[in-house]
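**Student:** Take a look at this one; I'll ask things after.
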Amino acid sequence: MILESGSSPARKRAARAMDGAMMLLIVLLIVQIWLLMASVESWLAGHRGVVLPAAIMSGVLFCGCLGLVILANRTGRSAEPARTGRPAPPTSNA
Amino acid sequence: MSEKPASCPREARLWREEFSVAAGEQGFVERRQFGKFLVLTSAAMFSGQLWLLAKNAFSKRAGGLWPRKAVALERDLAIGEAKVFAYPGPQDNCLLIRLGEERFVAYSQKCTHLSCAVVYSAQRRRLECPCHEGYFSVEDGHVIQGPPPRPLPRIELERSGGQLYARGVTVFGEEESQ
């Protein structure tokens, strides 16, 4: 049995908000990957001074990613339908 | 066999998080899992930066502790000749080149592009990487042509009683910071 529960306007809005957050997350992650690559290359080239600011920036980006995911999850959960009337969780009889 | 009742709030939360029966909920579960994966990847990138920071701190602390190692006798090398030696470790091959009667230079043999071994061309007076045709000046190790992004690390030499000693490695960029 399949139940439809994601068609309410609030759920649609939440899904859209989560999609937006995921897109932003991907952008932040690309920046973070580039930052790591560039700082390794600079470090190998002898520019030692870039390592600390790059690490701080990477930490900020990580916090941003974490914050976005928490926000997206909270948005998704806030628009969840009431739990009543749901089937019981699957249990194994083996 | 005793099973926990399904009405336990913690159990219910867990299965709802990971397994959604409602078709509309499936997208939310997938989004949440994808978000977790992205955050984990972000954490891995951050860990990489911290590793680089730690490596930088340790290499700074270890700086100035290069061993002094005899690499060759002056008379063993004719002008225009080169000799391979290992410095500072047994796996770190370097090239010692005699440019003149009183002039010796030494560089790491590892190309700064993809670590191929460079060779000395006495005819063209340059160090050549055969892999991607990267050329380095024999005078100071700077890149003349090709894909290498930075000069070859230079080995500091010391002459004493007809013997040549290696006593340090100067990587490009360090000389400006000193």
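The chains in the structure tokens are called A, B, ... from first to last as shown; in each chain the residues are counted from 1, and the ligands are counted from 1 in the order shown.
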Tell me which protein, DNA and RNA residues are within 7 Å of stretch 81-97 of chain B, counting only C-alpha atoms, leaving out same-chain ones fewer than 5 positions away, and put them as a PyMOL selection string.

**Tutor:** chain B and resi 67+71+104-109+120

**Student:** Set the distance at 10 Å and use only C-alpha atoms: which residues neighbour B:Glu74 once local chain neighbours fewer than 3 positions away are removed? I'd like the list as a PDB file with N, CA and C atoms, in the first residue's frame.

**Tutor:**
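Ended up saving to selection_15.pdb:
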ATOM      1  N   VAL B  71      78.579  14.272  -0.359  1.00  0.00           N
ATOM      2  CA  VAL B  71      77.944  13.757  -1.582  1.00  0.00           C
ATOM      3  C   VAL B  71      78.946  13.382  -2.674  1.00  0.00           C
ATOM      4  N   LEU B  77      84.336  14.853 -10.300  1.00  0.00           N
ATOM      5  CA  LEU B  77      83.356  15.410 -11.235  1.00  0.00           C
ATOM      6  C   LEU B  77      84.043  16.393 -12.186  1.00  0.00           C
ATOM      7  N   ALA B  78      84.019  16.084 -13.470  1.00  0.00           N
ATOM      8  CA  ALA B  78      84.594  16.999 -14.459  1.00  0.00           C
ATOM      9  C   ALA B  78      83.590  18.104 -14.781  1.00  0.00           C
ATOM     10  N   ARG B  98      78.552  20.060 -12.034  1.00  0.00           N
ATOM     11  CA  ARG B  98      79.705  20.967 -11.984  1.00  0.00           C
ATOM     12  C   ARG B  98      79.619  21.891 -13.194  1.00  0.00           C
ATOM     13  N   GLU B 101      85.008  25.557 -12.916  1.00  0.00           N
ATOM     14  CA  GLU B 101      86.118  25.076 -12.082  1.00  0.00           C
ATOM     15  C   GLU B 101      85.754  25.115 -10.587  1.00  0.00           C
ATOM     16  N   GLU B 102      85.102  26.230 -10.229  1.00  0.00           N
ATOM     17  CA  GLU B 102      84.782  26.430  -8.807  1.00  0.00           C
ATOM     18  C   GLU B 102      83.270  26.454  -8.555  1.00  0.00           C
ATOM     19  N   PHE B 104      79.620  24.631  -8.366  1.00  0.00           N
ATOM     20  CA  PHE B 104      78.808  23.413  -8.263  1.00  0.00           C
ATOM     21  C   PHE B 104      77.377  23.815  -7.907  1.00  0.00           C
ATOM     22  N   ARG B 159      81.603  23.354   0.536  1.00  0.00           N
ATOM     23  CA  ARG B 159      82.858  22.732   0.105  1.00  0.00           C
ATOM     24  C   ARG B 159      83.846  22.776   1.266  1.00  0.00           C
ATOM     25  N   SER B 160      84.458  21.669   1.483  1.00  0.00           N
ATOM     26  CA  SER B 160      85.425  21.617   2.583  1.00  0.00           C
ATOM     27  C   SER B 160      86.489  20.557   2.270  1.00  0.00           C
ATOM     28  N   GLY B 161      87.721  21.023   2.056  1.00  0.00           N
ATOM     29  CA  GLY B 161      88.839  20.112   1.815  1.00  0.00           C
ATOM     30  C   GLY B 161      88.643  19.198   0.614  1.00  0.00           C
ATOM     31  N   GLY B 162      88.133  19.750  -0.460  1.00  0.00           N
ATOM     32  CA  GLY B 162      87.945  18.952  -1.671  1.00  0.00           C
ATOM     33  C   GLY B 162      86.728  18.043  -1.626  1.00  0.00           C
ATOM     34  N   GLN B 163      85.990  18.157  -0.573  1.00  0.00           N
ATOM     35  CA  GLN B 163      84.777  17.331  -0.425  1.00  0.00           C
ATOM     36  C   GLN B 163      83.545  18.235  -0.516  1.00  0.00           C
ATOM     37  N   LEU B 164      82.517  17.751  -1.149  1.00  0.00           N
ATOM     38  CA  LEU B 164      81.264  18.503  -1.237  1.00  0.00           C
ATOM     39  C   LEU B 164      80.232  17.904  -0.274  1.00  0.00           C
TER      40      LEU B 164
END

**Student:** So the first atom is atom CA of A:Gly59 and the second is atom CA of B:Lys55; what is the distance between them in Å, to one decimal place?

**Tutor:**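 Going from atom CA of A:Gly59 over to atom CA of B:Lys55, I get 17.2 Å.
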
**Student:** One decimal, in Å: what's the spacing between atom CA of B:Ser115 and atom CA of A:Leu52?

**Tutor:**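 Answer for the atom CA of B:Ser115 to atom CA of A:Leu52 separation: 26.5 Å.
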
**Student:** For a quick check of understanding, using only C-alpha atoms, which of A:Ala79, A:Leu29, A:Met57, A:Val50 has the smallest distance to chain B?

**Tutor:**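 Closest to chain B, using only C-alpha atoms: A:Leu29.
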
**Student:** Nearest to A:Ser58: which of B:Tyr135, B:Trp66, B:Trp51, B:Phe46 is it, counting only C-alpha atoms?

**Tutor:**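 Using only C-alpha atoms, A:Ser58 sits closest to B:Phe46.
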
**Student:** Have a look at atom CA of B:Leu157 and atom CA of B:Arg125 and let me know their distance in Å, one decimal.

**Tutor:**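 Computed distance, atom CA of B:Leu157 to atom CA of B:Arg125, equals 19.7 Å.
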
**Student:** Residues at most 12 Å from A:Glu41, counting only C-alpha atoms, excluding those fewer than 2 positions away in the same chain, as a PDB file with C-alpha atoms, in the first residue's frame?

**Tutor:**
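Generated file (result_1.pdb):
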ATOM      1  CA  TRP A  34      38.579  24.197  -4.797  1.00  0.00           C
ATOM      2  CA  LEU A  35      39.929  25.827  -1.619  1.00  0.00           C
ATOM      3  CA  LEU A  36      41.621  22.613  -0.496  1.00  0.00           C
ATOM      4  CA  MET A  37      43.106  22.025  -3.939  1.00  0.00           C
ATOM      5  CA  ALA A  38      44.385  25.612  -4.216  1.00  0.00           C
ATOM      6  CA  SER A  39      45.862  25.657  -0.716  1.00  0.00           C
ATOM      7  CA  TRP A  43      51.675  25.119   0.095  1.00  0.00           C
ATOM      8  CA  LEU A  44      53.694  22.904  -2.208  1.00  0.00           C
ATOM      9  CA  ALA A  45      54.822  26.023  -4.063  1.00  0.00           C
ATOM     10  CA  GLY A  46      56.251  27.344  -0.806  1.00  0.00           C
ATOM     11  CA  HIS A  47      53.552  29.889   0.084  1.00  0.00           C
ATOM     12  CA  ARG A  48      53.077  28.730   3.661  1.00  0.00           C
ATOM     13  CA  VAL A  50      47.882  30.699   2.939  1.00  0.00           C
ATOM     14  CA  VAL A  51      47.308  27.563   4.997  1.00  0.00           C
TER      15      VAL A  51
ATOM     16  CA  LEU B  52      47.625  20.619   5.913  1.00  0.00           C
ATOM     17  CA  THR B 112      57.759  19.784  -9.846  1.00  0.00           C
ATOM     18  CA  HIS B 113      55.095  18.828 -12.377  1.00  0.00           C
ATOM     19  CA  PRO B 149      54.513  25.067 -11.901  1.00  0.00           C
ATOM     20  CA  ARG B 150      57.573  25.986  -9.807  1.00  0.00           C
TER      21      ARG B 150
END

**Student:** Would you kindly return, as a list of chain:residue names, each protein, DNA or RNA residue with an atom no farther than 8 Å from any atom of A:Ala21, considering only C-alpha atoms and excluding same-chain residues fewer than 3 positions away?

**Tutor:** A:Ala17, A:Met18, A:Leu24, A:Leu25, A:Leu68, A:Val69, A:Ala72

**Student:** Can you write just those residues out, C-alpha atoms, as an mmCIF file, in the first residue's frame?

**Tutor:**
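Printed below is result38.cif as written:
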data_model
loop_
_atom_site.group_PDB
_atom_site.id
_atom_site.type_symbol
_atom_site.label_atom_id
_atom_site.label_comp_id
_atom_site.auth_asym_id
_atom_site.auth_seq_id
_atom_site.Cartn_x
_atom_site.Cartn_y
_atom_site.Cartn_z
ATOM 1 C CA ALA A 17 13.125 24.941 0.294
ATOM 2 C CA MET A 18 15.094 21.729 0.822
ATOM 3 C CA LEU A 24 23.462 25.965 -2.037
ATOM 4 C CA LEU A 25 25.195 23.111 -0.218
ATOM 5 C CA LEU A 68 22.008 24.638 5.980
ATOM 6 C CA VAL A 69 21.339 20.936 6.473
ATOM 7 C CA ALA A 72 16.589 22.202 5.656
#

**Student:** Would you return as a ChimeraX atom specification the members of stretch 1-174 of chain B that DSSP assigns to helix (DSSP H, G or I) on this structure's backbone?

**Tutor:** /B:9-18,23-62,74-76,174

**Student:** Under the rule that only C-alpha atoms are counted, which of A:Val40, A:Ser78, A:Gly49, A:Gly67 is the nearest residue to B:Met45?

**Tutor:**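 Smallest distance to B:Met45 is found for A:Val40.
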